$ cat coords_15.cif   # mmCIF, N, CA and C atoms
data_start
#
loop_
_atom_site.label_atom_id
_atom_site.label_comp_id
_atom_site.auth_asym_id
_atom_site.auth_seq_id
_atom_site.Cartn_x
_atom_site.Cartn_y
_atom_site.Cartn_z
N MET A 1 43.87 21.50 74.42
CA MET A 1 42.55 22.10 74.33
C MET A 1 42.09 22.06 72.87
N PHE A 2 40.85 21.67 72.66
CA PHE A 2 40.27 21.65 71.32
C PHE A 2 39.86 23.08 70.93
N ASN A 3 39.84 23.36 69.63
CA ASN A 3 39.55 24.72 69.18
C ASN A 3 38.16 25.19 69.61
N PHE A 4 37.17 24.31 69.65
CA PHE A 4 35.82 24.74 70.03
C PHE A 4 35.75 25.17 71.49
N GLU A 5 36.64 24.63 72.32
CA GLU A 5 36.62 24.99 73.74
C GLU A 5 37.00 26.45 73.98
N LYS A 6 37.66 27.05 73.00
CA LYS A 6 38.05 28.46 73.11
C LYS A 6 36.90 29.40 72.77
N LEU A 7 35.85 28.87 72.15
CA LEU A 7 34.71 29.70 71.75
C LEU A 7 33.84 30.04 72.96
N GLU A 8 33.65 31.32 73.18
CA GLU A 8 32.84 31.75 74.32
C GLU A 8 31.40 31.23 74.21
N VAL A 9 30.89 31.16 72.99
CA VAL A 9 29.52 30.66 72.81
C VAL A 9 29.42 29.20 73.21
N TRP A 10 30.46 28.42 72.95
CA TRP A 10 30.46 27.02 73.39
C TRP A 10 30.49 26.95 74.92
N GLN A 11 31.36 27.76 75.54
CA GLN A 11 31.46 27.78 77.00
C GLN A 11 30.12 28.16 77.64
N LYS A 12 29.47 29.17 77.08
CA LYS A 12 28.18 29.59 77.62
C LYS A 12 27.10 28.53 77.37
N SER A 13 27.21 27.81 76.28
CA SER A 13 26.25 26.74 75.99
C SER A 13 26.38 25.58 76.97
N VAL A 14 27.60 25.26 77.35
CA VAL A 14 27.81 24.22 78.36
C VAL A 14 27.23 24.69 79.70
N ALA A 15 27.48 25.94 80.04
CA ALA A 15 26.92 26.49 81.29
C ALA A 15 25.38 26.51 81.23
N TYR A 16 24.84 26.77 80.04
CA TYR A 16 23.39 26.76 79.86
C TYR A 16 22.82 25.36 80.12
N ALA A 17 23.48 24.34 79.60
CA ALA A 17 23.03 22.97 79.85
C ALA A 17 23.08 22.66 81.35
N ASP A 18 24.12 23.11 82.02
CA ASP A 18 24.19 22.94 83.48
C ASP A 18 23.01 23.62 84.17
N LEU A 19 22.68 24.83 83.72
CA LEU A 19 21.55 25.56 84.29
C LEU A 19 20.24 24.81 84.05
N VAL A 20 20.09 24.26 82.86
CA VAL A 20 18.88 23.48 82.55
C VAL A 20 18.79 22.28 83.48
N TYR A 21 19.89 21.56 83.66
CA TYR A 21 19.88 20.40 84.55
C TYR A 21 19.49 20.81 85.98
N THR A 22 20.07 21.90 86.45
CA THR A 22 19.77 22.36 87.81
C THR A 22 18.30 22.75 87.95
N THR A 23 17.78 23.50 86.99
CA THR A 23 16.40 23.98 87.12
C THR A 23 15.37 22.90 86.86
N THR A 24 15.75 21.82 86.20
CA THR A 24 14.78 20.74 85.95
C THR A 24 14.86 19.63 86.99
N ARG A 25 15.80 19.74 87.89
CA ARG A 25 15.99 18.70 88.91
C ARG A 25 14.73 18.46 89.74
N ASN A 26 13.93 19.49 89.94
CA ASN A 26 12.73 19.37 90.77
C ASN A 26 11.44 19.25 89.95
N PHE A 27 11.56 18.97 88.67
CA PHE A 27 10.35 18.72 87.87
C PHE A 27 9.65 17.48 88.44
N PRO A 28 8.37 17.37 88.23
CA PRO A 28 7.65 16.20 88.75
C PRO A 28 8.22 14.88 88.21
N ALA A 29 8.16 13.86 89.04
CA ALA A 29 8.70 12.55 88.68
C ALA A 29 8.04 12.00 87.42
N ASP A 30 6.75 12.30 87.23
CA ASP A 30 6.08 11.76 86.04
C ASP A 30 6.51 12.46 84.75
N GLU A 31 7.33 13.49 84.86
CA GLU A 31 7.89 14.17 83.69
C GLU A 31 9.32 13.72 83.40
N ARG A 32 9.82 12.78 84.18
CA ARG A 32 11.21 12.33 84.03
C ARG A 32 11.52 11.87 82.61
N PHE A 33 10.58 11.18 81.97
CA PHE A 33 10.80 10.69 80.61
C PHE A 33 10.07 11.55 79.59
N GLY A 34 9.56 12.68 80.02
CA GLY A 34 8.85 13.59 79.13
C GLY A 34 9.62 14.89 78.99
N LEU A 35 9.06 15.92 79.54
CA LEU A 35 9.62 17.26 79.38
C LEU A 35 11.03 17.38 79.96
N THR A 36 11.29 16.73 81.07
CA THR A 36 12.63 16.82 81.68
C THR A 36 13.69 16.31 80.72
N THR A 37 13.48 15.13 80.17
CA THR A 37 14.44 14.56 79.24
C THR A 37 14.55 15.39 77.97
N GLN A 38 13.41 15.87 77.49
CA GLN A 38 13.39 16.61 76.24
C GLN A 38 14.19 17.91 76.35
N ILE A 39 13.97 18.68 77.40
CA ILE A 39 14.68 19.96 77.53
C ILE A 39 16.16 19.73 77.82
N ARG A 40 16.48 18.69 78.56
CA ARG A 40 17.89 18.39 78.84
C ARG A 40 18.62 17.98 77.57
N ARG A 41 18.02 17.12 76.77
CA ARG A 41 18.66 16.69 75.53
C ARG A 41 18.86 17.85 74.57
N ALA A 42 17.86 18.71 74.46
CA ALA A 42 17.97 19.88 73.58
C ALA A 42 19.08 20.81 74.06
N SER A 43 19.17 21.01 75.38
CA SER A 43 20.23 21.90 75.90
C SER A 43 21.61 21.32 75.65
N ASN A 44 21.76 20.01 75.75
CA ASN A 44 23.04 19.37 75.44
C ASN A 44 23.40 19.50 73.97
N SER A 45 22.40 19.52 73.14
CA SER A 45 22.60 19.57 71.70
C SER A 45 23.20 20.91 71.24
N VAL A 46 22.97 21.97 72.00
CA VAL A 46 23.49 23.28 71.61
C VAL A 46 25.02 23.23 71.54
N SER A 47 25.66 22.91 72.65
CA SER A 47 27.13 22.87 72.67
C SER A 47 27.68 21.74 71.81
N SER A 48 26.96 20.63 71.73
CA SER A 48 27.43 19.50 70.91
C SER A 48 27.48 19.88 69.43
N ASN A 49 26.49 20.61 68.96
CA ASN A 49 26.49 21.04 67.55
C ASN A 49 27.58 22.06 67.27
N ILE A 50 27.86 22.91 68.23
CA ILE A 50 28.95 23.87 68.05
C ILE A 50 30.27 23.10 67.93
N ALA A 51 30.48 22.15 68.83
CA ALA A 51 31.71 21.36 68.82
C ALA A 51 31.85 20.57 67.53
N GLU A 52 30.78 19.91 67.11
CA GLU A 52 30.85 19.12 65.88
C GLU A 52 31.12 20.01 64.67
N GLY A 53 30.45 21.14 64.61
CA GLY A 53 30.64 22.04 63.48
C GLY A 53 32.03 22.63 63.40
N ALA A 54 32.66 22.82 64.55
CA ALA A 54 34.00 23.41 64.58
C ALA A 54 35.03 22.52 63.90
N ALA A 55 34.72 21.24 63.76
CA ALA A 55 35.65 20.30 63.11
C ALA A 55 35.44 20.22 61.60
N ARG A 56 34.54 21.03 61.09
CA ARG A 56 34.17 20.94 59.67
C ARG A 56 34.55 22.22 58.92
N PRO A 57 34.45 22.19 57.61
CA PRO A 57 34.71 23.41 56.83
C PRO A 57 33.71 24.52 57.22
N PRO A 58 34.07 25.79 56.97
CA PRO A 58 33.22 26.90 57.39
C PRO A 58 31.74 26.80 56.99
N ALA A 59 31.45 26.36 55.77
CA ALA A 59 30.05 26.26 55.35
C ALA A 59 29.28 25.24 56.20
N ASP A 60 29.94 24.14 56.53
CA ASP A 60 29.30 23.14 57.38
C ASP A 60 29.20 23.63 58.83
N PHE A 61 30.19 24.39 59.27
CA PHE A 61 30.15 24.96 60.61
C PHE A 61 28.93 25.88 60.72
N VAL A 62 28.67 26.67 59.70
CA VAL A 62 27.50 27.55 59.70
C VAL A 62 26.22 26.74 59.86
N LYS A 63 26.14 25.61 59.14
CA LYS A 63 24.96 24.73 59.27
C LYS A 63 24.80 24.22 60.69
N HIS A 64 25.90 23.80 61.29
CA HIS A 64 25.84 23.28 62.65
C HIS A 64 25.49 24.36 63.66
N LEU A 65 25.91 25.57 63.40
CA LEU A 65 25.50 26.68 64.27
C LEU A 65 24.00 26.90 64.16
N GLY A 66 23.46 26.68 62.97
CA GLY A 66 22.01 26.75 62.78
C GLY A 66 21.30 25.65 63.55
N TYR A 67 21.87 24.45 63.55
CA TYR A 67 21.29 23.35 64.32
C TYR A 67 21.35 23.69 65.81
N ALA A 68 22.46 24.28 66.24
CA ALA A 68 22.59 24.68 67.65
C ALA A 68 21.51 25.69 68.02
N ALA A 69 21.27 26.65 67.13
CA ALA A 69 20.23 27.65 67.39
C ALA A 69 18.86 26.98 67.47
N GLY A 70 18.62 26.02 66.59
CA GLY A 70 17.35 25.30 66.62
C GLY A 70 17.15 24.57 67.94
N SER A 71 18.19 23.94 68.43
CA SER A 71 18.11 23.25 69.71
C SER A 71 17.89 24.23 70.85
N LEU A 72 18.54 25.37 70.76
CA LEU A 72 18.35 26.42 71.77
C LEU A 72 16.89 26.88 71.78
N TYR A 73 16.32 27.09 70.61
CA TYR A 73 14.92 27.52 70.51
C TYR A 73 13.98 26.45 71.05
N GLU A 74 14.35 25.18 70.88
CA GLU A 74 13.57 24.10 71.48
C GLU A 74 13.53 24.25 72.99
N THR A 75 14.69 24.55 73.58
CA THR A 75 14.72 24.67 75.04
C THR A 75 13.86 25.84 75.51
N VAL A 76 13.83 26.92 74.74
CA VAL A 76 12.98 28.06 75.11
C VAL A 76 11.52 27.65 75.09
N THR A 77 11.12 26.94 74.04
CA THR A 77 9.73 26.47 73.94
C THR A 77 9.40 25.55 75.11
N GLN A 78 10.30 24.64 75.41
CA GLN A 78 10.06 23.70 76.51
C GLN A 78 10.04 24.41 77.86
N ALA A 79 10.85 25.44 78.02
CA ALA A 79 10.83 26.22 79.26
C ALA A 79 9.51 26.96 79.41
N ILE A 80 8.99 27.46 78.30
CA ILE A 80 7.68 28.15 78.35
C ILE A 80 6.60 27.16 78.79
N ILE A 81 6.62 25.96 78.21
CA ILE A 81 5.65 24.94 78.60
C ILE A 81 5.81 24.59 80.08
N ALA A 82 7.05 24.42 80.53
CA ALA A 82 7.31 24.10 81.93
C ALA A 82 6.82 25.22 82.85
N ARG A 83 7.06 26.45 82.45
CA ARG A 83 6.56 27.59 83.25
C ARG A 83 5.04 27.57 83.30
N ASN A 84 4.42 27.37 82.14
CA ASN A 84 2.96 27.36 82.09
C ASN A 84 2.36 26.24 82.93
N GLN A 85 3.07 25.13 83.04
CA GLN A 85 2.59 23.99 83.84
C GLN A 85 2.94 24.13 85.33
N GLY A 86 3.67 25.19 85.67
CA GLY A 86 4.04 25.41 87.06
C GLY A 86 5.27 24.64 87.51
N PHE A 87 6.02 24.08 86.56
CA PHE A 87 7.23 23.33 86.91
C PHE A 87 8.42 24.26 87.13
N LEU A 88 8.40 25.42 86.49
CA LEU A 88 9.47 26.42 86.63
C LEU A 88 8.90 27.66 87.29
N ASN A 89 9.59 28.14 88.32
CA ASN A 89 9.15 29.40 88.92
C ASN A 89 9.60 30.55 88.02
N PRO A 90 9.02 31.72 88.18
CA PRO A 90 9.34 32.85 87.29
C PRO A 90 10.83 33.21 87.26
N ALA A 91 11.51 33.13 88.39
CA ALA A 91 12.93 33.51 88.43
C ALA A 91 13.78 32.52 87.63
N ASP A 92 13.52 31.23 87.79
CA ASP A 92 14.27 30.22 87.03
C ASP A 92 13.98 30.34 85.54
N TYR A 93 12.71 30.56 85.21
CA TYR A 93 12.35 30.73 83.80
C TYR A 93 13.10 31.93 83.22
N GLN A 94 13.13 33.03 83.94
CA GLN A 94 13.79 34.24 83.44
C GLN A 94 15.28 34.03 83.25
N ARG A 95 15.91 33.28 84.16
CA ARG A 95 17.34 32.97 84.02
C ARG A 95 17.60 32.16 82.75
N LEU A 96 16.77 31.15 82.52
CA LEU A 96 16.92 30.34 81.30
C LEU A 96 16.70 31.18 80.06
N TYR A 97 15.66 32.00 80.09
CA TYR A 97 15.32 32.81 78.93
C TYR A 97 16.42 33.81 78.61
N ALA A 98 16.93 34.50 79.62
CA ALA A 98 17.99 35.49 79.42
C ALA A 98 19.27 34.83 78.89
N ALA A 99 19.62 33.68 79.43
CA ALA A 99 20.81 32.97 78.95
C ALA A 99 20.63 32.54 77.50
N ALA A 100 19.43 32.07 77.16
CA ALA A 100 19.15 31.66 75.78
C ALA A 100 19.23 32.84 74.83
N GLU A 101 18.73 33.99 75.25
CA GLU A 101 18.83 35.19 74.40
C GLU A 101 20.28 35.54 74.12
N GLU A 102 21.12 35.48 75.15
CA GLU A 102 22.53 35.82 74.98
C GLU A 102 23.21 34.82 74.03
N ILE A 103 22.96 33.55 74.22
CA ILE A 103 23.57 32.53 73.36
C ILE A 103 23.07 32.68 71.92
N SER A 104 21.81 32.99 71.76
CA SER A 104 21.24 33.19 70.43
C SER A 104 21.95 34.33 69.70
N ARG A 105 22.18 35.43 70.39
CA ARG A 105 22.90 36.56 69.79
C ARG A 105 24.32 36.15 69.40
N MET A 106 24.97 35.39 70.27
CA MET A 106 26.34 34.96 70.01
C MET A 106 26.40 34.01 68.82
N LEU A 107 25.45 33.09 68.73
CA LEU A 107 25.39 32.18 67.58
C LEU A 107 25.18 32.95 66.29
N SER A 108 24.30 33.91 66.34
CA SER A 108 24.01 34.73 65.16
C SER A 108 25.25 35.49 64.71
N GLY A 109 25.95 36.06 65.66
CA GLY A 109 27.19 36.79 65.34
C GLY A 109 28.25 35.90 64.74
N LEU A 110 28.43 34.71 65.34
CA LEU A 110 29.42 33.78 64.82
C LEU A 110 29.03 33.30 63.42
N ARG A 111 27.76 33.01 63.23
CA ARG A 111 27.30 32.59 61.89
C ARG A 111 27.57 33.69 60.87
N GLY A 112 27.27 34.92 61.25
CA GLY A 112 27.50 36.04 60.34
C GLY A 112 28.96 36.21 59.98
N SER A 113 29.85 35.96 60.94
CA SER A 113 31.29 36.13 60.67
C SER A 113 31.82 35.02 59.75
N LEU A 114 31.18 33.86 59.74
CA LEU A 114 31.63 32.74 58.91
C LEU A 114 30.94 32.71 57.55
N ASP A 115 29.81 33.36 57.45
CA ASP A 115 28.95 33.28 56.28
C ASP A 115 29.28 34.37 55.27
N LYS A 116 30.57 34.60 55.06
CA LYS A 116 30.98 35.67 54.13
C LYS A 116 31.68 35.10 52.94
#

$ encode --input "coords_15.cif" --output "structure tokens"
Amino acid sequence: MFNFEKLEVWQKSVAYADLVYTTTRNFPADERFGLTTQIRRASNSVSSNIAEGAARPPADFVKHLGYAAGSLYETVTQAIIARNQGFLNPADYQRLYAAAEEISRMLSGLRGSLDK
């Protein structure tokens, strides 16, 4: 097992990407290369940045956690747009939003513990 796999924030980020894939499965076909791809790539980037940063010195890990947070915030923005366009129902939007809030808090906590 790699060290990043032990991080709960990484585990939740992978689950978040799975949730994004599930909730975007029914987006309109004409969004396949637009919003669907964009939100999926951003959600994948969250856990990928955590994993990449875990292999680096603490200062670089902090930077990668910042990149992960940025990607997470992208997914929130894209989910808002999808909700506004009627692609996401309120329950799916709320699930994505709540999961993103939890991951954001966890990223912030981990960054704070390394940034000393």

$ residues_around --input "coords_15.cif" --residues "Asn3 in chain A" --least-positions-apart "5" --cutoff "8 Å" --atoms "only N, CA and C atoms" --output "list of chain:residue names"
A:Ala51, A:Ala54, A:Ala55

$ atom_distance --input "coords_15.cif" --atom1 "CA of Ala98 in chain A" --atom2 "atom N of Tyr16 in chain A"
11.1 Å

$ residues_around --input "coords_15.cif" --residues "Met106 in chain A" --least-positions-apart "5" --cutoff "8 Å" --atoms "only N, CA and C atoms" --output "VMD selection string"
chain A and resid 8 to 9 100 to 101 111 to 112

$ atom_distance --input "coords_15.cif" --atom1 "CA of Ser71 in chain A" --atom2 "CA of Ser43 in chain A"
6.7 Å

$ select_by_dssp --input "coords_15.cif" --residues "chain A" --states "helix (DSSP H, G or I)" --output "JSON, numbers by chain"
{"A": [3, 4, 5, 6, 8, 9, 10, 11, 12, 13, 14, 15, 16, 17, 18, 19, 20, 21, 22, 23, 24, 29, 30, 31, 35, 36, 37, 38, 39, 40, 41, 42, 43, 44, 45, 46, 47, 48, 49, 50, 51, 52, 53, 54, 58, 59, 60, 61, 62, 63, 64, 65, 66, 67, 68, 69, 70, 71, 72, 73, 74, 75, 76, 77, 78, 79, 80, 81, 82, 83, 84, 90, 91, 92, 93, 94, 95, 96, 97, 98, 99, 100, 101, 102, 103, 104, 105, 106, 107, 108, 109, 110, 111, 112, 113, 114]}

$ atom_distance --input "coords_15.cif" --atom1 "atom N of Tyr73 in chain A" --atom2 "CA of Pro90 in chain A"
19.0 Å

$ residues_around --input "coords_15.cif" --residues "Ser48 in chain A" --least-positions-apart "5" --cutoff "9 Å" --atoms "only C-alpha atoms" --output "compact mmCIF listing (two decimals) with N, CA and C atoms, keeping the file's coordinate frame"
# COMPACT_ATOMS: atom_id res chain seq x y z
N TRP A 10 30.46 28.42 72.95
CA TRP A 10 30.46 27.02 73.39
C TRP A 10 30.49 26.95 74.92
N SER A 13 27.21 27.81 76.28
CA SER A 13 26.25 26.74 75.99
C SER A 13 26.38 25.58 76.97
N VAL A 14 27.60 25.26 77.35
CA VAL A 14 27.81 24.22 78.36
C VAL A 14 27.23 24.69 79.70
N GLY A 53 30.45 21.14 64.61
CA GLY A 53 30.64 22.04 63.48
C GLY A 53 32.03 22.63 63.40
N ALA A 68 22.46 24.28 66.24
CA ALA A 68 22.59 24.68 67.65
C ALA A 68 21.51 25.69 68.02

$ closest_residue --input "coords_15.cif" --among "A:Asn49, A:Phe2, A:Asn26, A:Lys12" --to "Ile103 in chain A" --atoms "all atoms listed in the file"
A:Lys12
